[in-house]
file target38.cif (mmCIF, C-alpha atoms)
data_input
#
loop_
_atom_site.label_atom_id
_atom_site.label_comp_id
_atom_site.auth_asym_id
_atom_site.auth_seq_id
_atom_site.Cartn_x
_atom_site.Cartn_y
_atom_site.Cartn_z
CA MET A 980 -93.26 91.79 41.70
CA ALA A 981 -96.02 94.28 40.89
CA ASP A 982 -98.51 95.38 43.56
CA LEU A 983 -101.92 94.46 42.08
CA ARG A 984 -104.05 95.84 44.91
CA ILE A 985 -106.42 98.74 44.21
CA GLN A 986 -104.53 101.92 45.07
CA TYR A 987 -106.00 104.97 46.86
CA ASP A 988 -105.87 107.10 43.72
CA GLU A 989 -107.54 104.54 41.42
CA GLU A 990 -111.20 104.16 40.51
CA MET A 991 -113.05 100.97 41.40
CA VAL A 992 -113.92 99.62 37.96
CA GLY A 993 -115.32 96.17 37.18
CA ALA A 994 -114.97 93.93 34.13
CA GLY A 995 -116.10 94.99 30.69
CA HIS A 996 -115.79 98.78 30.95
CA PRO A 997 -115.36 100.17 27.40
CA THR A 998 -112.43 102.48 28.21
CA LYS A 999 -111.13 101.80 31.73
CA ASP A 1000 -109.08 98.95 33.18
CA ASP A 1001 -110.64 96.40 35.50
CA THR A 1002 -109.25 97.19 38.96
CA LEU A 1003 -111.79 95.32 41.10
CA ASN A 1004 -110.83 91.89 39.73
CA ARG A 1005 -107.15 92.55 39.02
CA LEU A 1006 -105.80 90.91 42.16
CA VAL A 1007 -107.98 87.80 42.04
CA LEU A 1008 -107.29 87.24 38.32
CA ALA A 1009 -103.59 86.78 39.09
CA GLU A 1010 -104.42 83.32 40.47
CA HIS A 1011 -107.87 82.58 39.03
CA ASN A 1012 -109.56 82.21 35.67
CA GLN A 1013 -112.58 84.34 34.77
CA ASP A 1014 -114.95 81.55 35.85
CA GLY A 1015 -113.41 81.49 39.34
CA THR A 1016 -111.41 78.27 38.88
CA HIS A 1017 -107.74 78.27 39.82
CA LYS A 1018 -105.13 78.78 37.14
CA ASN A 1019 -102.84 75.83 36.46
CA ALA A 1020 -99.90 76.25 38.83
CA LEU A 1021 -98.17 73.30 37.16
CA GLN A 1022 -98.17 74.75 33.66
CA GLY A 1023 -95.24 73.35 31.71
CA ALA A 1024 -94.48 70.75 34.40
CA LEU A 1025 -92.47 67.68 33.43
CA ILE A 1026 -91.84 65.35 36.35
CA GLY A 1027 -89.83 62.17 35.90
CA LEU A 1028 -90.74 60.54 32.56
CA ARG A 1029 -87.13 59.62 31.83
CA LEU A 1030 -86.74 58.18 28.32
CA GLU A 1031 -84.30 55.38 27.44
CA ARG A 1032 -83.72 52.85 24.67
CA LYS A 1033 -85.31 49.44 25.28
CA ASP A 1034 -84.26 47.71 22.05
CA ALA A 1035 -83.77 48.42 18.34
CA ASP A 1036 -87.31 49.78 17.82
CA GLU A 1037 -88.62 50.43 21.34
CA VAL A 1038 -88.10 53.04 24.03
CA ASN A 1039 -89.03 52.96 27.70
CA LEU A 1040 -90.79 55.90 29.34
CA TYR A 1041 -90.30 55.72 33.08
CA PRO A 1042 -92.95 56.81 35.63
CA GLY A 1043 -93.80 60.47 36.08
CA ALA A 1044 -96.27 63.17 35.08
CA VAL A 1045 -96.61 65.90 32.47
CA GLU A 1046 -98.83 68.92 31.89
CA ILE A 1047 -100.36 69.04 28.39
CA ASP A 1048 -102.59 71.99 27.48
CA GLY A 1049 -103.82 72.47 31.05
CA GLY A 1050 -104.27 68.81 31.97
CA ILE A 1051 -101.96 66.74 34.19
CA TYR A 1052 -101.33 63.21 32.93
CA THR A 1053 -99.37 60.46 34.63
CA VAL A 1054 -97.39 57.37 33.72
CA PRO A 1055 -97.70 55.21 36.87
CA ALA A 1056 -95.46 52.37 35.63
CA THR A 1057 -92.73 52.01 33.01
CA LEU A 1058 -94.32 52.32 29.58
CA ALA A 1059 -92.79 50.68 26.49
CA LYS A 1060 -93.41 52.36 23.15
CA GLN A 1061 -92.68 50.51 19.91
CA CYS A 1062 -91.53 52.76 17.07
CA SER A 1063 -91.85 50.91 13.77
CA GLY A 1064 -90.51 51.94 10.36
CA LEU A 1065 -87.72 54.19 11.61
CA SER A 1066 -85.43 55.80 9.03
CA ALA A 1067 -81.64 55.63 9.22
CA ASP A 1068 -79.52 58.36 10.85
CA THR A 1069 -82.56 60.37 11.92
CA TRP A 1070 -83.58 62.27 15.05
CA TYR A 1071 -87.01 61.33 16.35
CA TYR A 1072 -89.14 63.23 18.86
CA LEU A 1073 -91.46 61.37 21.24
CA LEU A 1074 -94.76 63.25 21.36
CA ALA A 1075 -97.56 62.75 23.89
CA SER A 1076 -101.19 63.61 23.17
CA ALA A 1077 -103.77 64.05 25.92
CA PRO A 1078 -105.78 60.80 26.25
CA ALA A 1079 -109.41 60.80 25.17
CA SER A 1080 -110.44 60.00 28.74
CA GLY A 1081 -108.77 59.51 32.10
CA GLY A 1082 -105.56 60.89 33.48
CA GLU A 1083 -103.05 58.20 32.47
CA LEU A 1084 -100.94 58.13 29.32
CA ALA A 1085 -100.88 54.87 27.35
CA ALA A 1086 -98.61 53.72 24.52
CA GLY A 1087 -101.32 54.70 22.05
CA ASP A 1088 -101.04 58.33 23.19
CA LEU A 1089 -97.36 58.42 22.17
CA THR A 1090 -95.96 59.03 18.69
CA ALA A 1091 -92.38 59.06 17.38
CA SER A 1092 -92.08 61.82 14.78
CA ALA A 1093 -89.15 62.95 12.65
CA SER A 1094 -90.69 66.44 12.45
CA ALA A 1095 -89.18 68.74 15.06
CA PRO A 1096 -91.53 70.41 17.56
CA SER A 1097 -91.47 74.13 18.36
CA TYR A 1098 -91.14 75.80 21.74
CA ASP A 1099 -94.39 77.42 22.89
CA ALA A 1100 -93.62 80.16 25.40
CA ALA A 1101 -97.26 80.37 26.50
CA ARG A 1102 -97.49 76.62 27.18
CA LEU A 1103 -93.90 76.35 28.47
CA GLY A 1104 -93.08 73.26 26.44
CA TRP A 1105 -92.10 71.88 23.04
CA TYR A 1106 -95.24 71.18 21.03
CA SER A 1107 -96.26 69.82 17.67
CA GLY A 1108 -99.85 70.96 17.40
CA SER A 1109 -101.56 69.73 20.57
CA ALA A 1110 -98.96 67.02 21.28
CA ARG A 1111 -96.14 67.76 23.71
CA CYS A 1112 -92.58 66.51 23.24
CA LEU A 1113 -91.29 64.36 26.11
CA GLY A 1114 -87.89 63.43 24.70
CA PHE A 1115 -85.96 62.34 21.63
CA PHE A 1116 -83.64 59.69 20.22
CA LEU A 1117 -81.32 59.04 17.27
CA THR A 1118 -81.20 56.08 14.89
CA ASP A 1119 -78.11 54.48 13.37
CA GLY A 1120 -77.36 53.68 9.73
CA GLY A 1121 -79.70 50.70 9.84
CA GLY A 1122 -82.65 52.53 11.39
CA SER A 1123 -82.15 51.07 14.88
CA ILE A 1124 -82.44 53.24 17.98
CA LEU A 1125 -79.04 54.12 19.40
CA GLY A 1126 -78.49 53.68 23.13
CA PHE A 1127 -78.82 56.77 25.33
CA TYR A 1128 -79.73 57.90 28.82
CA THR A 1129 -80.36 61.14 30.72
CA LEU A 1130 -78.17 62.27 33.59
CA GLY A 1131 -79.68 65.26 35.36
CA ASN A 1132 -80.32 67.78 32.59
CA TRP A 1133 -77.89 66.12 30.17
CA TRP A 1134 -78.81 63.75 27.31
CA VAL A 1135 -76.00 61.23 26.87
CA PRO A 1136 -75.53 58.86 23.91
CA LEU A 1137 -73.84 55.54 24.65
CA GLN A 1138 -71.48 56.16 21.75
CA PRO A 1139 -70.05 59.47 20.52
CA VAL A 1140 -71.93 61.41 17.84
CA TYR A 1141 -69.30 62.35 15.27
CA ILE A 1142 -69.02 65.83 13.78
CA ILE A 1143 -65.75 65.29 11.88
CA ASN A 1144 -63.62 62.21 11.40
CA GLY A 1145 -61.02 62.97 8.75
CA ALA A 1146 -58.89 65.77 7.35
CA PRO A 1147 -59.42 69.09 9.21
CA SER A 1148 -59.61 72.66 7.94
CA ALA A 1149 -56.93 75.17 8.93
CA GLY A 1150 -59.32 78.14 8.66
CA TRP A 1151 -62.64 78.78 10.36
CA THR A 1152 -65.19 76.32 8.98
CA SER A 1153 -68.84 75.70 9.92
CA VAL A 1154 -69.90 72.06 10.20
CA ALA A 1155 -73.18 70.41 11.13
CA ALA A 1156 -73.03 69.10 14.70
CA ASN A 1157 -75.71 66.44 14.08
CA VAL A 1158 -77.96 67.59 16.92
CA PRO A 1159 -81.75 67.56 17.37
CA SER A 1160 -83.69 70.71 16.44
CA PHE A 1161 -84.13 72.56 19.74
CA GLY A 1162 -82.42 75.85 18.91
CA ARG A 1163 -79.08 76.63 20.55
CA LEU A 1164 -77.72 73.61 22.42
CA LEU A 1165 -74.77 73.33 24.78
CA LEU A 1166 -72.57 70.37 23.81
CA SER A 1167 -69.82 68.51 25.61
CA VAL A 1168 -67.32 67.80 22.82
CA SER A 1169 -64.22 65.63 22.60
CA ALA A 1170 -61.41 65.81 20.07
CA ASP A 1171 -58.34 63.86 19.05
CA HIS A 1172 -55.80 64.80 16.36
CA ASP A 1173 -52.22 64.38 15.25
CA SER A 1174 -50.01 67.31 14.33
CA THR A 1175 -47.42 68.28 11.77
CA GLY A 1176 -46.43 71.32 13.83
CA THR A 1177 -47.83 73.43 16.63
CA ALA A 1178 -51.56 72.68 16.39
CA ILE A 1179 -54.31 74.54 18.26
CA LEU A 1180 -57.91 73.39 17.93
CA GLU A 1181 -60.45 76.17 18.54
CA MET A 1182 -64.25 76.08 18.41
CA ARG A 1183 -67.13 78.55 18.60
CA PRO A 1184 -70.90 78.60 17.83
CA GLY A 1185 -71.64 77.97 14.16
CA ASN A 1186 -71.55 80.87 11.68
CA SER A 1187 -70.16 83.12 14.39
CA THR A 1188 -67.92 86.18 14.16
CA ILE A 1189 -66.51 85.72 17.66
CA THR A 1190 -62.74 86.12 17.64
CA SER A 1191 -62.12 85.09 21.25
CA ASN A 1192 -62.69 81.35 21.24
CA PRO A 1193 -62.62 78.51 23.76
CA LEU A 1194 -59.40 76.53 23.47
CA ILE A 1195 -60.08 72.81 23.24
CA HIS A 1196 -56.48 71.63 23.43
CA VAL A 1197 -52.98 72.40 22.18
CA THR A 1198 -50.39 70.14 20.61
CA ARG A 1199 -46.85 71.45 20.41
CA GLY A 1200 -44.30 69.93 18.08
CA ALA A 1201 -44.54 67.94 14.86
CA GLY A 1202 -45.53 64.32 15.12
CA ALA A 1203 -47.27 64.69 18.48
CA SER A 1204 -50.89 63.85 19.20
CA ALA A 1205 -53.38 65.14 21.73
CA ASP A 1206 -56.92 64.75 22.94
CA GLY A 1207 -59.13 66.97 25.05
CA ALA A 1208 -62.67 68.06 25.83
CA ALA A 1209 -64.66 71.29 26.27
CA LEU A 1210 -68.14 72.81 26.15
CA VAL A 1211 -69.34 74.60 23.03
CA THR A 1212 -72.72 75.97 21.92
CA ALA A 1213 -74.18 74.91 18.60
CA SER A 1214 -76.00 77.57 16.60
CA VAL A 1215 -79.79 77.63 16.23
CA ALA A 1216 -79.35 75.80 12.93
CA GLY A 1217 -77.19 73.15 14.63
CA TYR A 1218 -73.69 74.16 13.47
CA VAL A 1219 -70.35 74.68 15.19
CA ASP A 1220 -67.25 76.45 13.87
CA TYR A 1221 -63.74 75.09 14.23
CA ARG A 1222 -60.22 75.58 12.94
CA LEU A 1223 -57.15 73.38 13.28
CA PRO A 1224 -53.94 74.22 11.41
CA ASN A 1225 -50.90 71.93 11.19
CA SER A 1226 -52.73 68.67 11.63
CA ASN A 1227 -53.37 65.67 9.35
CA THR A 1228 -56.47 64.21 10.99
CA LEU A 1229 -59.21 65.25 13.38
CA SER A 1230 -61.76 63.15 15.23
CA LEU A 1231 -64.34 65.54 16.69
CA SER A 1232 -67.51 64.33 18.41
CA TRP A 1233 -69.96 65.26 21.15
CA ASN A 1234 -70.79 62.97 24.04
CA ALA A 1235 -73.56 64.89 25.84
CA LEU A 1236 -75.99 67.74 25.19
CA HIS A 1237 -77.71 69.94 27.72
CA LEU A 1238 -81.49 69.59 27.59
CA PRO A 1239 -83.33 72.77 26.56
CA ARG A 1240 -86.00 74.40 28.70
CA GLY A 1241 -89.29 72.57 28.44
CA LEU A 1242 -87.51 69.19 28.48
CA GLN A 1243 -85.76 69.51 31.83
CA ALA A 1244 -87.65 67.18 34.16
CA LEU A 1245 -88.10 67.82 37.87
#
call {"tool": "encode", "arguments": {"input": "target38.cif", "output": "structure tokens"}}
result
Amino acid sequence: MADLRIQYDEEMVGAGHPTKDDTLNRLVLAEHNQDGTHKNALQGALIGLRLERKDADEVNLYPGAVEIDGGIYTVPATLAKQCSGLSADTWYYLLASAPASGGELAAGDLTASASAPSYDAARLGWYSGSARCLGFFLTDGGGSILGFYTLGNWWVPLQPVYIINGAPSAGWTSVAANVPSFGRLLLSVSADHDSTGTAILEMRPGNSTITSNPLIHVTRGAGASADGAALVTASVAGYVDYRLPNSNTLSLSWNALHLPRGLQAL
């Protein structure tokens, strides 16, 4: 950590000098704003606020607090948010806007949007304009919210999210992992296949040139079947690569994803 004190060989210069750095206020500005108020020590904070499915078109946001653009806002009791008009097979992002007054978030301050937020390194969170993302969910083929929960820093669907369920490719192939748009994501994947010979399923991040790959599982001998699990990272665009020779079918899915920074609650 840098020593911000005025050193013996430095000049004592105040704010606003046209050519020289401000040394007099350097130390105090590390913890204070220019008007003397304290800087926000909780910038980027996300405490509690666990998100879960309530029913087909509602989610529950459990008690906690969040920092949004310098303000700290709380949810003192479980808050239900109805999300009407959801599209099928779509990722939605729950966004929170700072309330017009007071320090408590209400259902009216929450919005479910299909447009992915972006990570703001200065604000230490995922934002869409001035609204901060608190979590996300996936809908099924009928537009109903699929069941999910969070376990530590893992987001877990109540049913597997399929990547492939059919005939596999023997050579390296990139496939969409059906993940939300948060850049690179670590996935816990599961696979099951039957073999016509010695079959080795390998995976790597999507559109990769890596030649040393994590081994998911091995099946030896024609007519055998196998299942296994491993961790793999999806690419920024949400793809994974795989190859599986000597096999008729492959069922490949993920059953948990590691939450990105800015969504990991304390």
call {"tool": "resolve_selection", "arguments": {"input": "target38.cif", "expression": "the PyMOL selection byres ((chain A and resi 1232) around 8)", "output": "list in words"}}
result
Pro1139, Val1140, Tyr1141, Ile1142, Ile1143, Val1168, Ser1169, Ala1170, Ser1230, Leu1231, Trp1233 and Asn1234 of chain A
call {"tool": "write_last_selection", "arguments": {"input": "target38.cif", "atoms": "C-alpha atoms", "output": "tab-separated table (two decimals), in the coordinates of the input"}}
result
chain	number	residue	atom	x	y	z
A	1139	PRO	CA	-70.05	59.47	20.52
A	1140	VAL	CA	-71.93	61.41	17.84
A	1141	TYR	CA	-69.30	62.35	15.27
A	1142	ILE	CA	-69.02	65.83	13.78
A	1143	ILE	CA	-65.75	65.29	11.88
A	1168	VAL	CA	-67.32	67.80	22.82
A	1169	SER	CA	-64.22	65.63	22.60
A	1170	ALA	CA	-61.41	65.81	20.07
A	1230	SER	CA	-61.76	63.15	15.23
A	1231	LEU	CA	-64.34	65.54	16.69
A	1233	TRP	CA	-69.96	65.26	21.15
A	1234	ASN	CA	-70.79	62.97	24.04
call {"tool": "residues_around", "arguments": {"input": "target38.cif", "residues": "Ile1047 (chain A)", "least_positions_apart": "3", "cutoff": "9 Å", "atoms": "all atoms listed in the file", "output": "list of chain:residue names"}}
result
A:Gln1022, A:Gly1023, A:Ala1024, A:Gly1050, A:Ile1051, A:Tyr1052, A:Ala1075, A:Ser1076, A:Ala1077, A:Arg1102, A:Gly1104, A:Ser1109, A:Ala1110, A:Arg1111
call {"tool": "resolve_selection", "arguments": {"input": "target38.cif", "expression": "the PyMOL selection byres ((chain A and resi 1239) around 10)", "output": "PDB file with C-alpha atoms, in the coordinates of the input"}}
result
ATOM      1  CA  TYR A1098     -91.140  75.800  21.740  1.00  0.00           C
ATOM      2  CA  GLY A1104     -93.080  73.260  26.440  1.00  0.00           C
ATOM      3  CA  TRP A1105     -92.100  71.880  23.040  1.00  0.00           C
ATOM      4  CA  ASN A1132     -80.320  67.780  32.590  1.00  0.00           C
ATOM      5  CA  TRP A1133     -77.890  66.120  30.170  1.00  0.00           C
ATOM      6  CA  PHE A1161     -84.130  72.560  19.740  1.00  0.00           C
ATOM      7  CA  GLY A1162     -82.420  75.850  18.910  1.00  0.00           C
ATOM      8  CA  ARG A1163     -79.080  76.630  20.550  1.00  0.00           C
ATOM      9  CA  LEU A1164     -77.720  73.610  22.420  1.00  0.00           C
ATOM     10  CA  LEU A1165     -74.770  73.330  24.780  1.00  0.00           C
ATOM     11  CA  LEU A1236     -75.990  67.740  25.190  1.00  0.00           C
ATOM     12  CA  HIS A1237     -77.710  69.940  27.720  1.00  0.00           C
ATOM     13  CA  LEU A1238     -81.490  69.590  27.590  1.00  0.00           C
ATOM     14  CA  ARG A1240     -86.000  74.400  28.700  1.00  0.00           C
ATOM     15  CA  GLY A1241     -89.290  72.570  28.440  1.00  0.00           C
ATOM     16  CA  LEU A1242     -87.510  69.190  28.480  1.00  0.00           C
ATOM     17  CA  GLN A1243     -85.760  69.510  31.830  1.00  0.00           C
TER      18      GLN A1243
END
call {"tool": "residues_near_point", "arguments": {"input": "target38.cif", "point": "(-96.6, 49.3, 23.7)", "cutoff": "8 Å", "atoms": "all atoms listed in the file", "output": "MDAnalysis selection string"}}
result
chainID A and resid 1058:1061 1085:1087
call {"tool": "residues_around", "arguments": {"input": "target38.cif", "residues": "Asp1036 (chain A)", "least_positions_apart": "3", "cutoff": "9 Å", "atoms": "all atoms listed in the file", "output": "MDAnalysis selection string"}}
result
chainID A and resid 1032:1033 1060:1065 1122:1124
call {"tool": "atom_distance", "arguments": {"input": "target38.cif", "atom1": "CA of Gly1150 (chain A)", "atom2": "CA of Asp1173 (chain A)"}}
result
16.8 Å
call {"tool": "residues_around", "arguments": {"input": "target38.cif", "residues": "Leu1003 (chain A)", "least_positions_apart": "3", "cutoff": "6 Å", "atoms": "only C-alpha atoms", "output": "list of chain:residue names"}}
result
A:Met991, A:Val992, A:Gly993
call {"tool": "write_last_selection", "arguments": {"input": "target38.cif", "atoms": "C-alpha atoms", "output": "PDB file, keeping the file's coordinate frame"}}
result
ATOM      1  CA  MET A 991    -113.050 100.970  41.400  1.00  0.00           C
ATOM      2  CA  VAL A 992    -113.920  99.620  37.960  1.00  0.00           C
ATOM      3  CA  GLY A 993    -115.320  96.170  37.180  1.00  0.00           C
TER       4      GLY A 993
END
call {"tool": "atom_distance", "arguments": {"input": "target38.cif", "atom1": "CA of Gln986 (chain A)", "atom2": "CA of Leu1006 (chain A)"}}
result
11.5 Å
call {"tool": "atom_distance", "arguments": {"input": "target38.cif", "atom1": "CA of Pro1224 (chain A)", "atom2": "CA of Val1158 (chain A)"}}
result
25.5 Å
call {"tool": "closest_residue", "arguments": {"input": "target38.cif", "among": "A:Ser1080, A:Thr1177, A:Ser1187, A:Asn1039", "to": "Tyr1128 (chain A)", "atoms": "only C-alpha atoms"}}
result
A:Asn1039
call {"tool": "closest_residue", "arguments": {"input": "target38.cif", "among": "A:Leu1113, A:Gly1027, A:Thr1069, A:Thr1228", "to": "Leu1130 (chain A)", "atoms": "only C-alpha atoms"}}
result
A:Gly1027
call {"tool": "residues_around", "arguments": {"input": "target38.cif", "residues": "Pro1159 (chain A)", "least_positions_apart": "2", "cutoff": "9 Å", "atoms": "only C-alpha atoms", "output": "PDB file with C-alpha atoms, in the coordinates of the input"}}
result
ATOM      1  CA  TRP A1070     -83.580  62.270  15.050  1.00  0.00           C
ATOM      2  CA  TYR A1071     -87.010  61.330  16.350  1.00  0.00           C
ATOM      3  CA  TYR A1072     -89.140  63.230  18.860  1.00  0.00           C
ATOM      4  CA  ALA A1095     -89.180  68.740  15.060  1.00  0.00           C
ATOM      5  CA  PHE A1115     -85.960  62.340  21.630  1.00  0.00           C
ATOM      6  CA  PHE A1116     -83.640  59.690  20.220  1.00  0.00           C
ATOM      7  CA  LEU A1117     -81.320  59.040  17.270  1.00  0.00           C
ATOM      8  CA  ASN A1157     -75.710  66.440  14.080  1.00  0.00           C
ATOM      9  CA  PHE A1161     -84.130  72.560  19.740  1.00  0.00           C
ATOM     10  CA  GLY A1162     -82.420  75.850  18.910  1.00  0.00           C
ATOM     11  CA  LEU A1164     -77.720  73.610  22.420  1.00  0.00           C
ATOM     12  CA  GLY A1217     -77.190  73.150  14.630  1.00  0.00           C
TER      13      GLY A1217
END
call {"tool": "closest_residue", "arguments": {"input": "target38.cif", "among": "A:Ala1149, A:Phe1127, A:Arg1222, A:Asn1186", "to": "Ala1235 (chain A)", "atoms": "only C-alpha atoms"}}
result
A:Phe1127
call {"tool": "resolve_selection", "arguments": {"input": "target38.cif", "expression": "the PyMOL selection byres ((chain A and resi 1152) around 12)", "output": "number ranges by chain"}}
result
A: 1143, 1147-1151, 1153-1155, 1180-1188, 1218-1224
call {"tool": "write_last_selection", "arguments": {"input": "target38.cif", "atoms": "C-alpha atoms", "output": "mmCIF file, in the frame of the given file"}}
result
data_model
loop_
_atom_site.group_PDB
_atom_site.id
_atom_site.type_symbol
_atom_site.label_atom_id
_atom_site.label_comp_id
_atom_site.auth_asym_id
_atom_site.auth_seq_id
_atom_site.Cartn_x
_atom_site.Cartn_y
_atom_site.Cartn_z
ATOM 1 C CA ILE A 1143 -65.750 65.290 11.880
ATOM 2 C CA PRO A 1147 -59.420 69.090 9.210
ATOM 3 C CA SER A 1148 -59.610 72.660 7.940
ATOM 4 C CA ALA A 1149 -56.930 75.170 8.930
ATOM 5 C CA GLY A 1150 -59.320 78.140 8.660
ATOM 6 C CA TRP A 1151 -62.640 78.780 10.360
ATOM 7 C CA SER A 1153 -68.840 75.700 9.920
ATOM 8 C CA VAL A 1154 -69.900 72.060 10.200
ATOM 9 C CA ALA A 1155 -73.180 70.410 11.130
ATOM 10 C CA LEU A 1180 -57.910 73.390 17.930
ATOM 11 C CA GLU A 1181 -60.450 76.170 18.540
ATOM 12 C CA MET A 1182 -64.250 76.080 18.410
ATOM 13 C CA ARG A 1183 -67.130 78.550 18.600
ATOM 14 C CA PRO A 1184 -70.900 78.600 17.830
ATOM 15 C CA GLY A 1185 -71.640 77.970 14.160
ATOM 16 C CA ASN A 1186 -71.550 80.870 11.680
ATOM 17 C CA SER A 1187 -70.160 83.120 14.390
ATOM 18 C CA THR A 1188 -67.920 86.180 14.160
ATOM 19 C CA TYR A 1218 -73.690 74.160 13.470
ATOM 20 C CA VAL A 1219 -70.350 74.680 15.190
ATOM 21 C CA ASP A 1220 -67.250 76.450 13.870
ATOM 22 C CA TYR A 1221 -63.740 75.090 14.230
ATOM 23 C CA ARG A 1222 -60.220 75.580 12.940
ATOM 24 C CA LEU A 1223 -57.150 73.380 13.280
ATOM 25 C CA PRO A 1224 -53.940 74.220 11.410
#
call {"tool": "closest_residue", "arguments": {"input": "target38.cif", "among": "A:Leu1089, A:Ala1044, A:Val1007, A:Ala981", "to": "Ala1244 (chain A)", "atoms": "all atoms listed in the file"}}
result
A:Ala1044
call {"tool": "decode", "arguments": {"input": "target38.cif", "residues": "region 1098-1139 of chain A", "atoms": "C-alpha atoms", "output": "PDB file, in the first residue's frame"}}
result
ATOM      1  CA  TYR A1098     -20.186  -4.832 -15.092  1.00  0.00           C
ATOM      2  CA  ASP A1099     -19.150  -1.367 -13.902  1.00  0.00           C
ATOM      3  CA  ALA A1100     -15.681  -1.546 -12.361  1.00  0.00           C
ATOM      4  CA  ALA A1101     -16.045   1.900 -10.784  1.00  0.00           C
ATOM      5  CA  ARG A1102     -19.358   1.016  -9.110  1.00  0.00           C
ATOM      6  CA  LEU A1103     -18.350  -2.605  -8.385  1.00  0.00           C
ATOM      7  CA  GLY A1104     -21.603  -4.083  -9.631  1.00  0.00           C
ATOM      8  CA  TRP A1105     -23.647  -5.125 -12.657  1.00  0.00           C
ATOM      9  CA  TYR A1106     -25.660  -2.147 -13.878  1.00  0.00           C
ATOM     10  CA  SER A1107     -28.174  -1.270 -16.554  1.00  0.00           C
ATOM     11  CA  GLY A1108     -28.074   2.509 -16.528  1.00  0.00           C
ATOM     12  CA  SER A1109     -28.680   3.534 -12.915  1.00  0.00           C
ATOM     13  CA  ALA A1110     -30.337   0.223 -11.940  1.00  0.00           C
ATOM     14  CA  ARG A1111     -28.242  -2.470 -10.281  1.00  0.00           C
ATOM     15  CA  CYS A1112     -28.668  -6.179 -10.974  1.00  0.00           C
ATOM     16  CA  LEU A1113     -29.484  -8.259  -7.880  1.00  0.00           C
ATOM     17  CA  GLY A1114     -29.934 -11.655  -9.520  1.00  0.00           C
ATOM     18  CA  PHE A1115     -31.373 -13.547 -12.457  1.00  0.00           C
ATOM     19  CA  PHE A1116     -33.677 -16.391 -13.471  1.00  0.00           C
ATOM     20  CA  LEU A1117     -34.591 -18.541 -16.475  1.00  0.00           C
ATOM     21  CA  THR A1118     -38.003 -19.285 -17.976  1.00  0.00           C
ATOM     22  CA  ASP A1119     -39.182 -22.557 -19.490  1.00  0.00           C
ATOM     23  CA  GLY A1120     -40.825 -23.203 -22.866  1.00  0.00           C
ATOM     24  CA  GLY A1121     -44.112 -21.804 -21.590  1.00  0.00           C
ATOM     25  CA  GLY A1122     -42.682 -18.599 -20.129  1.00  0.00           C
ATOM     26  CA  SER A1123     -42.861 -19.772 -16.503  1.00  0.00           C
ATOM     27  CA  ILE A1124     -40.005 -19.156 -14.088  1.00  0.00           C
ATOM     28  CA  LEU A1125     -37.945 -22.282 -13.513  1.00  0.00           C
ATOM     29  CA  GLY A1126     -37.098 -23.238  -9.942  1.00  0.00           C
ATOM     30  CA  PHE A1127     -33.673 -22.241  -8.611  1.00  0.00           C
ATOM     31  CA  TYR A1128     -31.810 -21.342  -5.448  1.00  0.00           C
ATOM     32  CA  THR A1129     -28.415 -19.999  -4.397  1.00  0.00           C
ATOM     33  CA  LEU A1130     -25.976 -22.017  -2.315  1.00  0.00           C
ATOM     34  CA  GLY A1131     -23.059 -19.886  -1.188  1.00  0.00           C
ATOM     35  CA  ASN A1132     -21.721 -18.336  -4.387  1.00  0.00           C
ATOM     36  CA  TRP A1133     -23.377 -20.923  -6.641  1.00  0.00           C
ATOM     37  CA  TRP A1134     -26.637 -20.463  -8.577  1.00  0.00           C
ATOM     38  CA  VAL A1135     -28.409 -23.817  -8.778  1.00  0.00           C
ATOM     39  CA  PRO A1136     -31.374 -24.684 -11.048  1.00  0.00           C
ATOM     40  CA  LEU A1137     -33.803 -27.289  -9.734  1.00  0.00           C
ATOM     41  CA  GLN A1138     -33.518 -29.134 -13.034  1.00  0.00           C
ATOM     42  CA  PRO A1139     -30.480 -29.468 -15.314  1.00  0.00           C
TER      43      PRO A1139
END
